[in-house]
$ cat input-v4.cif   # mmCIF, C-alpha atoms
data_data
loop_
_atom_site.label_atom_id
_atom_site.label_comp_id
_atom_site.auth_asym_id
_atom_site.auth_seq_id
_atom_site.Cartn_x
_atom_site.Cartn_y
_atom_site.Cartn_z
CA MET A 949 18.47 13.36 -26.14
CA SER A 950 19.86 10.11 -27.49
CA GLY A 951 18.50 7.07 -25.78
CA PHE A 952 19.50 3.47 -25.21
CA ASP A 953 18.25 -0.07 -25.38
CA ILE A 954 18.96 -2.55 -22.64
CA ALA A 955 20.26 -5.10 -25.11
CA GLY A 956 21.63 -7.68 -22.71
CA TRP A 957 21.68 -8.66 -19.09
CA GLY A 958 23.32 -11.28 -16.92
CA ILE A 959 23.99 -12.27 -13.35
CA SER A 960 26.60 -14.17 -11.39
CA VAL A 961 26.03 -15.53 -7.91
CA PRO A 962 28.36 -17.86 -6.02
CA GLU A 963 27.40 -21.53 -5.73
CA ARG A 964 27.86 -21.62 -1.96
CA VAL A 965 24.48 -21.22 -0.26
CA LEU A 966 24.47 -19.90 3.29
CA SER A 967 21.08 -20.59 4.84
CA SER A 968 19.47 -18.65 7.64
CA VAL A 969 19.41 -21.93 9.56
CA GLU A 970 23.23 -21.99 9.55
CA ILE A 971 23.47 -18.36 10.62
CA ALA A 972 20.84 -18.89 13.31
CA GLU A 973 22.86 -21.73 14.80
CA ARG A 974 25.98 -19.57 14.84
CA LEU A 975 24.25 -16.62 16.45
CA GLY A 976 22.18 -18.68 18.87
CA VAL A 977 18.83 -17.47 17.53
CA ASP A 978 15.91 -19.11 15.72
CA GLU A 979 15.71 -19.14 11.91
CA ASP A 980 12.27 -17.53 12.31
CA TRP A 981 13.90 -14.59 14.10
CA ILE A 982 16.04 -13.96 11.01
CA VAL A 983 13.32 -14.58 8.42
CA SER A 984 10.70 -12.46 10.17
CA ARG A 985 13.22 -9.68 10.73
CA CYS A 986 14.49 -9.38 7.16
CA GLY A 987 12.72 -11.88 4.88
CA ILE A 988 15.93 -13.71 3.95
CA ARG A 989 16.03 -17.51 3.95
CA GLU A 990 19.37 -17.96 2.22
CA ARG A 991 22.10 -16.00 0.49
CA ARG A 992 25.10 -16.81 -1.74
CA ILE A 993 28.60 -16.41 -0.34
CA VAL A 994 31.85 -16.29 -2.28
CA GLY A 995 34.27 -19.18 -2.02
CA PRO A 996 38.02 -19.37 -2.53
CA GLY A 997 39.18 -17.43 -5.58
CA GLN A 998 35.90 -15.59 -6.02
CA THR A 999 36.03 -11.83 -5.73
CA THR A 1000 34.05 -8.73 -6.61
CA ALA A 1001 35.79 -8.58 -10.00
CA SER A 1002 35.42 -12.28 -10.78
CA LEU A 1003 31.67 -12.10 -10.18
CA ALA A 1004 31.50 -8.91 -12.23
CA ILE A 1005 33.37 -10.51 -15.12
CA GLU A 1006 30.99 -13.49 -15.16
CA ALA A 1007 27.89 -11.31 -15.07
CA GLY A 1008 29.33 -8.96 -17.68
CA ALA A 1009 30.24 -11.83 -20.02
CA ARG A 1010 26.68 -13.17 -19.82
CA ALA A 1011 25.21 -9.74 -20.53
CA LEU A 1012 27.53 -9.24 -23.49
CA GLU A 1013 26.64 -12.66 -24.89
CA LYS A 1014 22.93 -11.94 -24.64
CA ALA A 1015 23.46 -8.61 -26.39
CA GLY A 1016 25.46 -10.30 -29.13
CA LEU A 1017 28.48 -8.13 -28.39
CA THR A 1018 32.02 -8.59 -27.13
CA GLY A 1019 34.23 -6.46 -24.96
CA ALA A 1020 35.67 -4.96 -28.12
CA ASP A 1021 32.29 -3.34 -28.82
CA ILE A 1022 32.05 -1.58 -25.45
CA ALA A 1023 32.98 2.08 -25.43
CA HIS A 1024 32.68 2.48 -21.68
CA LEU A 1025 32.50 0.23 -18.63
CA ILE A 1026 31.13 1.27 -15.24
CA VAL A 1027 31.41 -0.98 -12.22
CA ALA A 1028 29.30 -0.07 -9.20
CA THR A 1029 30.71 -1.53 -6.02
CA ALA A 1030 31.32 -0.72 -2.38
CA THR A 1031 33.54 -3.76 -1.84
CA PRO A 1032 36.30 -3.17 -4.37
CA GLU A 1033 38.77 -5.75 -5.59
CA GLN A 1034 41.50 -3.84 -3.77
CA LEU A 1035 42.03 -0.29 -2.58
CA SER A 1036 43.64 0.68 -5.88
CA PRO A 1037 43.26 0.52 -8.82
CA ALA A 1038 39.52 0.55 -9.43
CA THR A 1039 37.69 -2.76 -9.75
CA SER A 1040 36.74 -1.74 -13.28
CA ALA A 1041 40.41 -2.13 -14.26
CA PHE A 1042 40.27 -5.84 -13.43
CA VAL A 1043 36.94 -6.24 -15.19
CA HIS A 1044 38.18 -4.25 -18.19
CA HIS A 1045 41.06 -6.69 -18.54
CA GLY A 1046 38.94 -9.76 -17.87
CA LEU A 1047 36.36 -8.91 -20.52
CA GLY A 1048 38.68 -7.37 -23.08
CA ILE A 1049 36.86 -4.06 -23.02
CA ALA A 1050 38.02 -1.72 -25.77
CA GLY A 1051 36.94 1.56 -24.24
CA SER A 1052 37.29 3.45 -20.98
CA ALA A 1053 36.39 2.27 -17.49
CA HIS A 1054 35.69 3.60 -14.04
CA ASP A 1055 34.03 2.69 -10.72
CA VAL A 1056 31.06 4.17 -8.93
CA ASN A 1057 30.70 3.85 -5.16
CA ALA A 1058 27.28 4.99 -4.10
CA GLU A 1059 26.91 1.91 -1.87
CA CYS A 1060 23.61 0.14 -2.47
CA SER A 1061 22.41 2.93 -4.80
CA GLY A 1062 25.44 2.25 -6.99
CA PHE A 1063 23.67 0.58 -9.88
CA VAL A 1064 21.12 3.38 -10.16
CA TYR A 1065 23.90 5.96 -10.12
CA ALA A 1066 25.86 3.96 -12.72
CA LEU A 1067 22.86 3.64 -15.01
CA MET A 1068 22.23 7.37 -14.88
CA THR A 1069 25.93 8.04 -15.51
CA ALA A 1070 25.89 5.75 -18.55
CA ALA A 1071 22.69 7.29 -19.88
CA ALA A 1072 24.19 10.76 -19.62
CA TRP A 1073 27.41 9.52 -21.20
CA MET A 1074 25.52 8.00 -24.13
CA ALA A 1075 23.61 11.23 -24.69
CA ILE A 1076 26.87 12.80 -25.85
CA ASP A 1077 28.68 9.66 -27.03
CA PRO A 1078 26.12 7.16 -28.36
CA ARG A 1079 28.15 3.96 -28.24
CA PRO A 1080 27.58 0.77 -26.18
CA CYS A 1081 28.15 0.80 -22.43
CA LEU A 1082 28.43 -2.07 -19.99
CA ILE A 1083 27.21 -1.46 -16.43
CA ILE A 1084 27.84 -3.92 -13.65
CA GLY A 1085 26.86 -3.91 -9.98
CA SER A 1086 29.00 -6.30 -7.97
CA ASP A 1087 29.55 -6.69 -4.25
CA THR A 1088 31.00 -9.21 -1.82
CA HIS A 1089 29.88 -7.77 1.49
CA SER A 1090 30.15 -11.16 3.19
CA LEU A 1091 33.89 -10.46 3.29
CA THR A 1092 33.43 -7.19 5.18
CA VAL A 1093 31.01 -8.36 7.86
CA ASP A 1094 31.81 -9.63 11.32
CA PRO A 1095 30.18 -13.09 11.28
CA ASN A 1096 29.04 -12.52 14.85
CA ASP A 1097 27.36 -9.19 14.07
CA ARG A 1098 23.66 -10.02 14.38
CA ASP A 1099 22.50 -6.89 12.58
CA LEU A 1100 24.58 -7.30 9.43
CA SER A 1101 25.53 -10.95 9.06
CA ILE A 1102 21.91 -11.99 8.59
CA LEU A 1103 21.45 -9.52 5.73
CA VAL A 1104 24.31 -9.69 3.30
CA GLY A 1105 24.89 -11.88 0.28
CA ASP A 1106 27.31 -11.74 -2.63
CA GLY A 1107 26.62 -11.41 -6.33
CA ALA A 1108 26.81 -9.38 -9.50
CA GLY A 1109 24.36 -8.18 -12.13
CA ALA A 1110 25.09 -6.52 -15.46
CA VAL A 1111 23.31 -4.78 -18.30
CA VAL A 1112 24.51 -3.74 -21.75
CA LEU A 1113 23.23 -0.44 -23.09
CA THR A 1114 23.23 0.11 -26.84
CA PRO A 1115 22.36 3.39 -28.54
CA SER A 1116 18.77 3.93 -29.62
CA PRO A 1117 16.76 6.78 -31.09
CA ASP A 1118 14.22 6.20 -28.34
CA THR A 1119 14.42 7.38 -24.75
CA TRP A 1120 13.98 4.65 -22.18
CA ILE A 1121 14.28 6.93 -19.16
CA ARG A 1122 10.97 8.64 -18.49
CA ALA A 1123 12.17 10.32 -15.28
CA TRP A 1124 14.80 10.07 -12.60
CA ASN A 1125 15.85 11.42 -9.24
CA LEU A 1126 19.17 11.07 -7.43
CA GLY A 1127 20.21 12.45 -4.08
CA ALA A 1128 22.54 12.18 -1.12
CA ASP A 1129 22.82 13.33 2.48
CA GLY A 1130 26.45 13.15 3.55
CA SER A 1131 25.62 14.17 7.10
CA LYS A 1132 24.46 10.59 7.59
CA HIS A 1133 27.81 9.05 6.66
CA ASP A 1134 27.99 7.35 10.06
CA SER A 1135 24.90 5.18 9.52
CA LEU A 1136 26.74 2.33 7.83
CA LYS A 1137 30.50 2.35 7.57
CA VAL A 1138 33.84 0.59 7.39
CA VAL A 1139 36.03 3.09 9.18
CA ALA A 1140 39.54 1.69 8.74
CA GLY A 1141 41.67 1.07 5.68
CA GLY A 1142 41.29 4.44 4.03
CA SER A 1143 43.18 7.71 4.34
CA ARG A 1144 41.24 8.76 7.42
CA MET A 1145 42.33 5.70 9.36
CA PRO A 1146 45.07 3.78 7.57
CA THR A 1147 45.47 0.12 8.34
CA THR A 1148 47.55 -0.69 11.40
CA ALA A 1149 47.87 -3.68 13.67
CA GLU A 1150 45.53 -1.88 16.07
CA THR A 1151 42.79 -1.28 13.50
CA VAL A 1152 42.86 -4.96 12.62
CA GLU A 1153 42.88 -6.02 16.26
CA GLN A 1154 39.94 -3.73 17.02
CA GLY A 1155 37.89 -5.07 14.12
CA LEU A 1156 37.66 -1.67 12.47
CA HIS A 1157 37.75 -3.17 8.99
CA TYR A 1158 34.36 -4.74 9.55
CA ALA A 1159 31.22 -2.93 8.45
CA LYS A 1160 29.18 -1.37 11.25
CA ILE A 1161 25.55 -0.35 10.98
CA ASN A 1162 23.22 1.89 12.93
CA GLY A 1163 20.21 -0.19 12.02
CA ASN A 1164 17.52 2.13 13.30
CA GLU A 1165 18.93 5.15 11.49
CA ILE A 1166 19.35 3.20 8.25
CA TYR A 1167 15.82 1.83 8.46
CA LEU A 1168 14.22 5.19 9.10
CA ASN A 1169 16.17 7.04 6.44
CA ALA A 1170 15.91 4.25 3.89
CA VAL A 1171 12.14 4.49 4.09
CA ARG A 1172 12.12 8.28 4.20
CA PHE A 1173 14.45 8.88 1.25
CA SER A 1174 13.08 6.05 -0.86
CA VAL A 1175 9.53 7.31 -0.50
CA ARG A 1176 10.67 10.82 -1.42
CA THR A 1177 12.69 9.78 -4.46
CA ILE A 1178 9.95 7.54 -5.82
CA ARG A 1179 7.35 10.29 -5.42
CA ALA A 1180 9.67 12.80 -7.11
CA THR A 1181 10.33 10.52 -10.07
CA LEU A 1182 6.66 9.71 -10.59
CA GLU A 1183 5.78 13.39 -10.35
CA GLN A 1184 8.46 14.28 -12.91
CA ALA A 1185 7.08 11.65 -15.30
CA LYS A 1186 3.51 12.74 -14.58
CA VAL A 1187 2.44 9.20 -13.87
CA GLY A 1188 0.72 7.72 -10.84
CA VAL A 1189 1.67 4.64 -8.85
CA ASP A 1190 -1.18 2.76 -10.49
CA ASP A 1191 0.48 3.31 -13.88
CA LEU A 1192 3.57 1.39 -12.80
CA ASP A 1193 3.93 -2.19 -13.99
CA HIS A 1194 6.97 -3.26 -11.98
CA VAL A 1195 8.96 -1.88 -9.07
CA VAL A 1196 12.50 -3.20 -8.64
CA PRO A 1197 13.79 -1.85 -5.33
CA HIS A 1198 17.14 -2.37 -3.70
CA GLN A 1199 16.77 -5.74 -2.01
CA ALA A 1200 17.74 -4.63 1.48
CA ASN A 1201 15.23 -6.02 3.90
CA ILE A 1202 11.65 -7.08 3.19
CA ARG A 1203 10.31 -4.92 5.99
CA ILE A 1204 11.94 -1.81 4.55
CA ILE A 1205 10.62 -2.72 1.09
CA ASN A 1206 7.10 -3.33 2.38
CA SER A 1207 7.16 -0.06 4.27
CA ILE A 1208 8.23 1.81 1.13
CA LEU A 1209 5.50 0.15 -0.92
CA SER A 1210 2.92 0.92 1.73
CA HIS A 1211 3.86 4.59 2.05
CA THR A 1212 4.03 5.16 -1.71
CA GLY A 1213 0.88 3.20 -2.43
CA VAL A 1214 2.51 0.70 -4.80
CA ALA A 1215 0.49 -2.50 -5.09
CA PRO A 1216 2.44 -5.50 -3.70
CA GLU A 1217 1.98 -7.55 -6.89
CA LYS A 1218 4.15 -5.03 -8.75
CA LEU A 1219 7.13 -5.77 -6.54
CA VAL A 1220 10.08 -7.62 -8.05
CA THR A 1221 12.00 -9.30 -5.26
CA ASN A 1222 14.38 -12.20 -4.78
CA LEU A 1223 15.44 -11.20 -1.29
CA ASP A 1224 14.53 -14.57 0.21
CA ARG A 1225 17.10 -16.34 -2.03
CA TYR A 1226 19.98 -13.89 -2.29
CA GLY A 1227 19.77 -11.51 0.67
CA ASN A 1228 21.11 -8.00 0.34
CA THR A 1229 23.67 -8.02 -2.49
CA ALA A 1230 24.20 -4.24 -2.33
CA SER A 1231 25.07 -2.73 -5.74
CA ALA A 1232 24.14 -5.99 -7.41
CA SER A 1233 20.66 -6.37 -5.99
CA ILE A 1234 18.74 -4.26 -8.52
CA PRO A 1235 20.40 -5.66 -11.68
CA ILE A 1236 20.09 -9.24 -10.39
CA ALA A 1237 16.38 -8.77 -9.68
CA LEU A 1238 15.85 -7.00 -13.00
CA ALA A 1239 17.66 -9.73 -14.95
CA GLU A 1240 15.67 -12.48 -13.26
CA ALA A 1241 12.40 -10.69 -14.03
CA LEU A 1242 13.46 -10.35 -17.67
CA ASP A 1243 14.49 -14.00 -17.92
CA ALA A 1244 11.13 -14.98 -16.45
CA GLY A 1245 9.38 -12.99 -19.18
CA ARG A 1246 7.75 -10.77 -16.61
CA ILE A 1247 8.64 -7.47 -18.31
CA ALA A 1248 7.20 -6.61 -21.73
CA ASP A 1249 7.70 -3.75 -24.16
CA GLY A 1250 5.80 -0.69 -23.05
CA ASP A 1251 5.90 -1.61 -19.36
CA LEU A 1252 6.81 1.08 -16.87
CA VAL A 1253 9.60 -0.22 -14.64
CA LEU A 1254 10.73 1.72 -11.59
CA LEU A 1255 14.21 1.06 -10.20
CA ALA A 1256 14.75 2.47 -6.71
CA GLY A 1257 17.79 2.24 -4.49
CA PHE A 1258 19.17 3.63 -1.25
CA GLY A 1259 22.46 3.08 0.45
CA ALA A 1260 25.03 4.16 2.96
CA GLY A 1261 26.28 7.67 2.68
CA MET A 1262 23.38 8.13 2.53
CA THR A 1263 22.56 8.00 -1.15
CA TRP A 1264 19.34 7.30 -2.97
CA GLY A 1265 18.02 7.26 -6.49
CA SER A 1266 15.18 6.11 -8.69
CA ILE A 1267 14.78 5.75 -12.43
CA LEU A 1268 11.55 5.20 -14.32
CA LEU A 1269 12.14 3.17 -17.47
CA GLN A 1270 9.63 2.65 -20.22
CA TRP A 1271 10.66 -0.75 -21.50
CA GLY A 1272 11.23 -0.71 -25.25
CA GLY A 1273 11.60 3.05 -25.21
CA VAL A 1274 9.34 5.95 -25.91
CA THR A 1275 9.81 8.47 -28.68
CA ASP A 1276 9.14 12.15 -28.22
CA GLU A 1277 6.04 11.81 -30.36
CA SER A 1278 4.52 8.88 -28.48
CA MET B 1165 -2.43 20.01 17.01
CA ASP B 1166 -3.02 17.30 19.58
CA LEU B 1167 -0.33 14.77 20.24
CA PRO B 1168 -1.50 11.19 20.72
CA THR B 1169 -2.28 10.00 24.19
CA VAL B 1170 -0.22 7.11 25.49
CA GLU B 1171 -3.14 4.79 24.75
CA GLU B 1172 -3.36 6.06 21.16
CA LEU B 1173 0.36 5.60 20.82
CA ALA B 1174 -0.04 1.99 21.96
CA GLY B 1175 -2.74 1.49 19.36
CA GLN B 1176 -0.51 2.88 16.62
CA LEU B 1177 2.33 0.58 17.62
CA ALA B 1178 -0.02 -2.40 17.69
CA ALA B 1179 -1.20 -1.54 14.18
CA VAL B 1180 2.35 -1.32 12.85
CA SER B 1181 3.68 -4.43 14.57
CA GLY B 1182 0.64 -6.65 14.45
CA ALA B 1183 0.89 -7.18 18.19
CA GLU B 1184 -2.46 -8.00 19.77
CA ASN B 1185 -1.83 -6.01 22.89
CA VAL B 1186 0.68 -3.31 23.76
CA ASP B 1187 0.89 -2.71 27.50
CA VAL B 1188 2.03 0.89 27.98
CA ASP B 1189 3.66 0.04 31.31
CA ALA B 1190 5.53 -3.06 30.17
CA PRO B 1191 9.19 -2.78 29.20
CA LEU B 1192 9.32 -2.20 25.44
CA LEU B 1193 12.02 -4.80 24.94
CA GLN B 1194 9.72 -7.42 26.46
CA LEU B 1195 6.68 -6.69 24.31
CA ALA B 1196 5.83 -9.76 22.25
CA ASP B 1197 5.76 -9.10 18.49
CA VAL B 1198 7.32 -5.64 18.82
CA ASP B 1199 10.93 -5.11 17.79
CA SER B 1200 13.19 -2.21 16.93
CA LEU B 1201 12.05 -2.10 13.30
CA ASP B 1202 8.44 -1.83 14.44
CA LEU B 1203 9.45 1.12 16.60
CA MET B 1204 11.14 2.76 13.59
CA GLU B 1205 8.10 2.15 11.37
CA TRP B 1206 5.89 3.73 14.01
CA LEU B 1207 8.35 6.64 14.33
CA TYR B 1208 8.31 7.23 10.56
CA GLY B 1209 4.53 7.55 10.69
CA PHE B 1210 4.74 9.87 13.68
CA GLN B 1211 7.30 12.10 11.96
CA ASN B 1212 5.04 12.45 8.94
CA LYS B 1213 2.04 13.30 11.08
CA TYR B 1214 3.85 15.67 13.44
CA PRO B 1215 6.70 17.25 11.46
CA ASP B 1216 7.07 20.03 14.02
CA VAL B 1217 7.99 17.61 16.80
CA PRO B 1218 11.77 16.92 16.64
CA ALA B 1219 11.49 13.19 17.26
CA ASP B 1220 14.09 11.00 15.61
CA GLU B 1221 15.71 7.64 16.19
CA SER B 1222 17.52 9.03 19.24
CA LEU B 1223 14.16 8.67 20.98
CA PHE B 1224 15.06 5.00 21.38
CA LYS B 1225 18.81 5.38 21.74
CA ASP B 1226 19.01 4.65 25.45
CA ILE B 1227 16.28 2.07 25.53
CA ASP B 1228 16.88 -0.60 28.18
CA ASP B 1229 15.02 -3.31 30.01
CA THR B 1230 13.04 -0.78 32.02
CA THR B 1231 11.94 1.58 29.23
CA THR B 1232 8.17 1.57 28.76
CA LEU B 1233 5.93 3.09 26.14
CA ARG B 1234 4.70 5.50 28.80
CA ALA B 1235 8.29 6.71 29.24
CA VAL B 1236 8.62 7.16 25.47
CA HIS B 1237 5.37 9.12 25.46
CA GLU B 1238 6.70 11.39 28.18
CA LYS B 1239 9.82 12.00 26.09
CA LEU B 1240 7.63 12.89 23.13
CA MET B 1241 5.64 15.33 25.19
CA ALA B 1242 8.85 16.96 26.33
CA LEU B 1243 10.05 17.27 22.74
CA ALA B 1244 6.85 18.76 21.43
CA PRO B 1245 6.55 22.50 21.10
CA ALA B 1246 4.14 24.03 23.57
CA ALA B 1247 1.60 24.64 20.83
CA ALA B 1248 1.51 20.98 19.97
CA ARG B 1249 0.67 20.00 23.52
CA SER B 1250 -2.27 22.35 23.88
#
$ encode --input "input-v4.cif" --output "C-alpha cells"
Amino acid sequence: MSGFDIAGWGISVPERVLSSVEIAERLGVDEDWIVSRCGIRERRIVGPGQTTASLAIEAGARALEKAGLTGADIAHLIVATATPEQLSPATSAFVHHGLGIAGSAHDVNAECSGFVYALMTAAAWMAIDPRPCLIIGSDTHSLTVDPNDRDLSILVGDGAGAVVLTPSPDTWIRAWNLGADGSKHDSLKVVAGGSRMPTTAETVEQGLHYAKINGNEIYLNAVRFSVRTIRATLEQAKVGVDDLDHVVPHQANIRIINSILSHTGVAPEKLVTNLDRYGNTASASIPIALAEALDAGRIADGDLVLLAGFGAGMTWGSILLQWGGVTDES
Amino acid sequence: MDLPTVEELAGQLAAVSGAENVDVDAPLLQLADVDSLDLMEWLYGFQNKYPDVPADESLFKDIDDTTTLRAVHEKLMALAPAAARS
C-alpha cells in the first residue's frame, strides 16, 4: 500500500480567551468546580467574522506553508467538522475557495472523531491516488451551546488544526480501528435545523438549535469505546502500551482522558494534552494537540504515536502512526 | 459470582473519587468529593467486573436528594441474575 508523510501542520485558534473564572461567574459556581470537573482553565472563542471555515483556512494555510506547498498542489481536501459553515454547501467548499485548492473537496462529520475518520479517509484515498491531501479539523461549538448550560458551556472551545499528507513509499499507519454505534445518537445532539425538524419560530423559541448532552451516557461510552478501540489497534499492530511513545486523545475532559489512560495502562507521561488552554475543540482537538507537540519537538522519527478519538453518534477511532514511516522490510 | 456488599461498594466509590469516607446512608448528591462522573467511573469498573449484571447509566437516572448508596445497592441486587446473588 502506498503511504504518506505528514509534511506540514498548522493550527488556528481565536484570540478571544474565555476563562473558567468568567464562566464560573456567569453560572454562579466556583472556578474550582469547573477545573476539577473537566480540567479546563480557559478556552478560545470566536469573535465577529470568525467562522468554522475561516479558522480552517488559517490552519490549512499554515500547514501548506510548512509543507512548502500551495493549494494548487492539493489533490483532495477533507474538512472534518460538526459545526459547518452553513447547512449547505459543505464547509470544504468555502475552504477550497479560500485556499485555492486545485483538487476535489468534501466534509466529514463524525463529531469529535472527525479528524481520525478524515485521516483514515485520506490514507485510503492516497493508496489509490498518491497525490497530496490536506486534512483539517475545525469546529466552533461555542456558537451551538446554550451559555447557561452548565454541562456543555464549561467544556467547549473553538479552533482548527490541519495536516498536509504527501505521498511516500513508506507506510506511516501501523494499525487502525474505527467504529460507530448509531443507537446512541441521542447522547449528544442538536435536534433542530435538519430535515427531521426543520427550523421554525417554535424550534428557535424552544432552544432546540442548542446542543444537548446526556453527560453520564457520554462519559461512560467515551471511556468504554475508547478503551476498546485503543486495545484493538494495539493488538492489530502487535505492540504493547509500553511501546507507545505518545498518545494524542480527543481533548474532551481530563477525567475521561485519565480514565482511558488508566484502563488501557498507558503511562501518564505519554499523554499529549492542551485541554487546560483550549478546552474541547471537537474535530480540531487532535490535530491541534498533535501540531503543538510537533512544534515543541516532542515527536521524533521512529516514535509510535497513537491518535484516539470518540464523539457523538457515537463514533470512535484510533490510528497508530509510526512517525517517519516504516517500510515493509523494517 | 458474589456481588459487592454495600460496604464494599462504598469502598470502591471512595477509591474512584478520592473521598475519605462514603456514608452508605447519606444522600449521594450530598457526599463530599463524589460527583456524577465519579459514579460513572465506578459504574464502568462494575460493568467490567460483572458483565452479566445489566447495570447502565439508568441506574442513576432518577437520583434525587434522598437517594443513598444503599438504595443504589438494592437496585443492583434487583438487577443481578439470581446466580450472581448466590
$ interface_residues --input "input-v4.cif" --of "chain B" --to "chain A" --cutoff "10 Å" --atoms "all atoms listed in the file" --output "ChimeraX atom specification"
/B:1180,1199-1209,1211-1212,1220-1222,1224-1225
$ residues_around --input "input-v4.cif" --residues "region 1242-1245 of chain B" --least-positions-apart "4" --cutoff "8 Å" --atoms "all atoms listed in the file" --output "list in words"
Asp1216, Val1217, Pro1218, Ala1219, Glu1238 and Arg1249 of chain B
$ resolve_selection --input "input-v4.cif" --expression "the PyMOL selection byres ((chain B and resi 1195) around 12)" --output "list in words"
Ala1174, Leu1177, Ala1178, Ser1181, Gly1182, Ala1183, Glu1184, Asn1185, Val1186, Asp1187, Val1188, Asp1189, Ala1190, Pro1191, Leu1192, Leu1193, Gln1194, Ala1196, Asp1197, Val1198, Asp1199, Ser1200, Asp1202, Leu1203, Asp1229, Thr1230, Thr1231, Thr1232 and Leu1233 of chain B
$ resolve_selection --input "input-v4.cif" --expression "the PyMOL selection byres ((chain A and resi 991-1002) around 10)" --output "NGL selection string"
:A and (960-968 or 988-990 or 1003-1008 or 1027 or 1029-1034 or 1038-1044 or 1046 or 1084-1091 or 1102-1108 or 1223-1229)
$ residues_around --input "input-v4.cif" --residues "Asn1096 (chain A)" --least-positions-apart "6" --cutoff "12 Å" --atoms "all atoms listed in the file" --output "list in words"
Ile971, Ala972, Glu973, Arg974, Leu975, Gly976, Val977, Ser1090, Ile1102, Gly1155, Tyr1158, Ala1159 and Lys1160 of chain A
$ atom_distance --input "input-v4.cif" --atom1 "CA of Asn1162 (chain A)" --atom2 "CA of Ser1233 (chain A)"
20.8 Å
$ resolve_selection --input "input-v4.cif" --expression "the PyMOL selection byres ((chain A and resi 1212) around 8)" --output "PyMOL selection string"
chain A and resi 1175+1178-1179+1189+1208-1211+1213-1214
$ build_atoms --input "input-v4.cif" --residues "region 1240-1245 of chain B" --atoms "all heavy atoms" --output "PDB file, in the frame of the given file"
ATOM      1  N   LEU B1240       8.264  12.210  24.262  1.00  0.00           N
ATOM      2  CA  LEU B1240       7.630  12.890  23.130  1.00  0.00           C
ATOM      3  C   LEU B1240       6.986  14.195  23.566  1.00  0.00           C
ATOM      4  O   LEU B1240       7.114  15.227  22.900  1.00  0.00           O
ATOM      5  CB  LEU B1240       6.553  12.004  22.503  1.00  0.00           C
ATOM      6  CG  LEU B1240       6.962  10.949  21.502  1.00  0.00           C
ATOM      7  CD1 LEU B1240       5.739  10.162  21.070  1.00  0.00           C
ATOM      8  CD2 LEU B1240       7.629  11.595  20.291  1.00  0.00           C
ATOM      9  N   MET B1241       6.301  14.129  24.682  1.00  0.00           N
ATOM     10  CA  MET B1241       5.640  15.330  25.190  1.00  0.00           C
ATOM     11  C   MET B1241       6.658  16.419  25.506  1.00  0.00           C
ATOM     12  O   MET B1241       6.414  17.614  25.288  1.00  0.00           O
ATOM     13  CB  MET B1241       4.826  14.998  26.456  1.00  0.00           C
ATOM     14  CG  MET B1241       3.665  14.048  26.215  1.00  0.00           C
ATOM     15  SD  MET B1241       2.437  14.734  25.097  1.00  0.00           S
ATOM     16  CE  MET B1241       1.636  15.921  26.185  1.00  0.00           C
ATOM     17  N   ALA B1242       7.806  15.995  26.005  1.00  0.00           N
ATOM     18  CA  ALA B1242       8.850  16.960  26.330  1.00  0.00           C
ATOM     19  C   ALA B1242       9.455  17.573  25.066  1.00  0.00           C
ATOM     20  O   ALA B1242       9.895  18.732  25.065  1.00  0.00           O
ATOM     21  CB  ALA B1242       9.939  16.280  27.161  1.00  0.00           C
ATOM     22  N   LEU B1243       9.483  16.784  24.000  1.00  0.00           N
ATOM     23  CA  LEU B1243      10.050  17.270  22.740  1.00  0.00           C
ATOM     24  C   LEU B1243       9.112  18.222  22.005  1.00  0.00           C
ATOM     25  O   LEU B1243       9.549  19.084  21.246  1.00  0.00           O
ATOM     26  CB  LEU B1243      10.339  16.086  21.804  1.00  0.00           C
ATOM     27  CG  LEU B1243      11.552  15.223  22.091  1.00  0.00           C
ATOM     28  CD1 LEU B1243      11.520  13.983  21.190  1.00  0.00           C
ATOM     29  CD2 LEU B1243      12.833  15.999  21.868  1.00  0.00           C
ATOM     30  N   ALA B1244       7.832  18.019  22.217  1.00  0.00           N
ATOM     31  CA  ALA B1244       6.850  18.760  21.430  1.00  0.00           C
ATOM     32  C   ALA B1244       6.842  20.223  21.797  1.00  0.00           C
ATOM     33  O   ALA B1244       6.947  20.584  22.960  1.00  0.00           O
ATOM     34  CB  ALA B1244       5.477  18.162  21.657  1.00  0.00           C
ATOM     35  N   PRO B1245       6.716  21.086  20.808  1.00  0.00           N
ATOM     36  CA  PRO B1245       6.550  22.500  21.100  1.00  0.00           C
ATOM     37  C   PRO B1245       5.289  22.715  21.931  1.00  0.00           C
ATOM     38  O   PRO B1245       4.358  21.909  21.853  1.00  0.00           O
ATOM     39  CB  PRO B1245       6.408  23.145  19.717  1.00  0.00           C
ATOM     40  CG  PRO B1245       6.827  22.123  18.734  1.00  0.00           C
ATOM     41  CD  PRO B1245       6.677  20.792  19.378  1.00  0.00           C
TER      42      PRO B1245
END
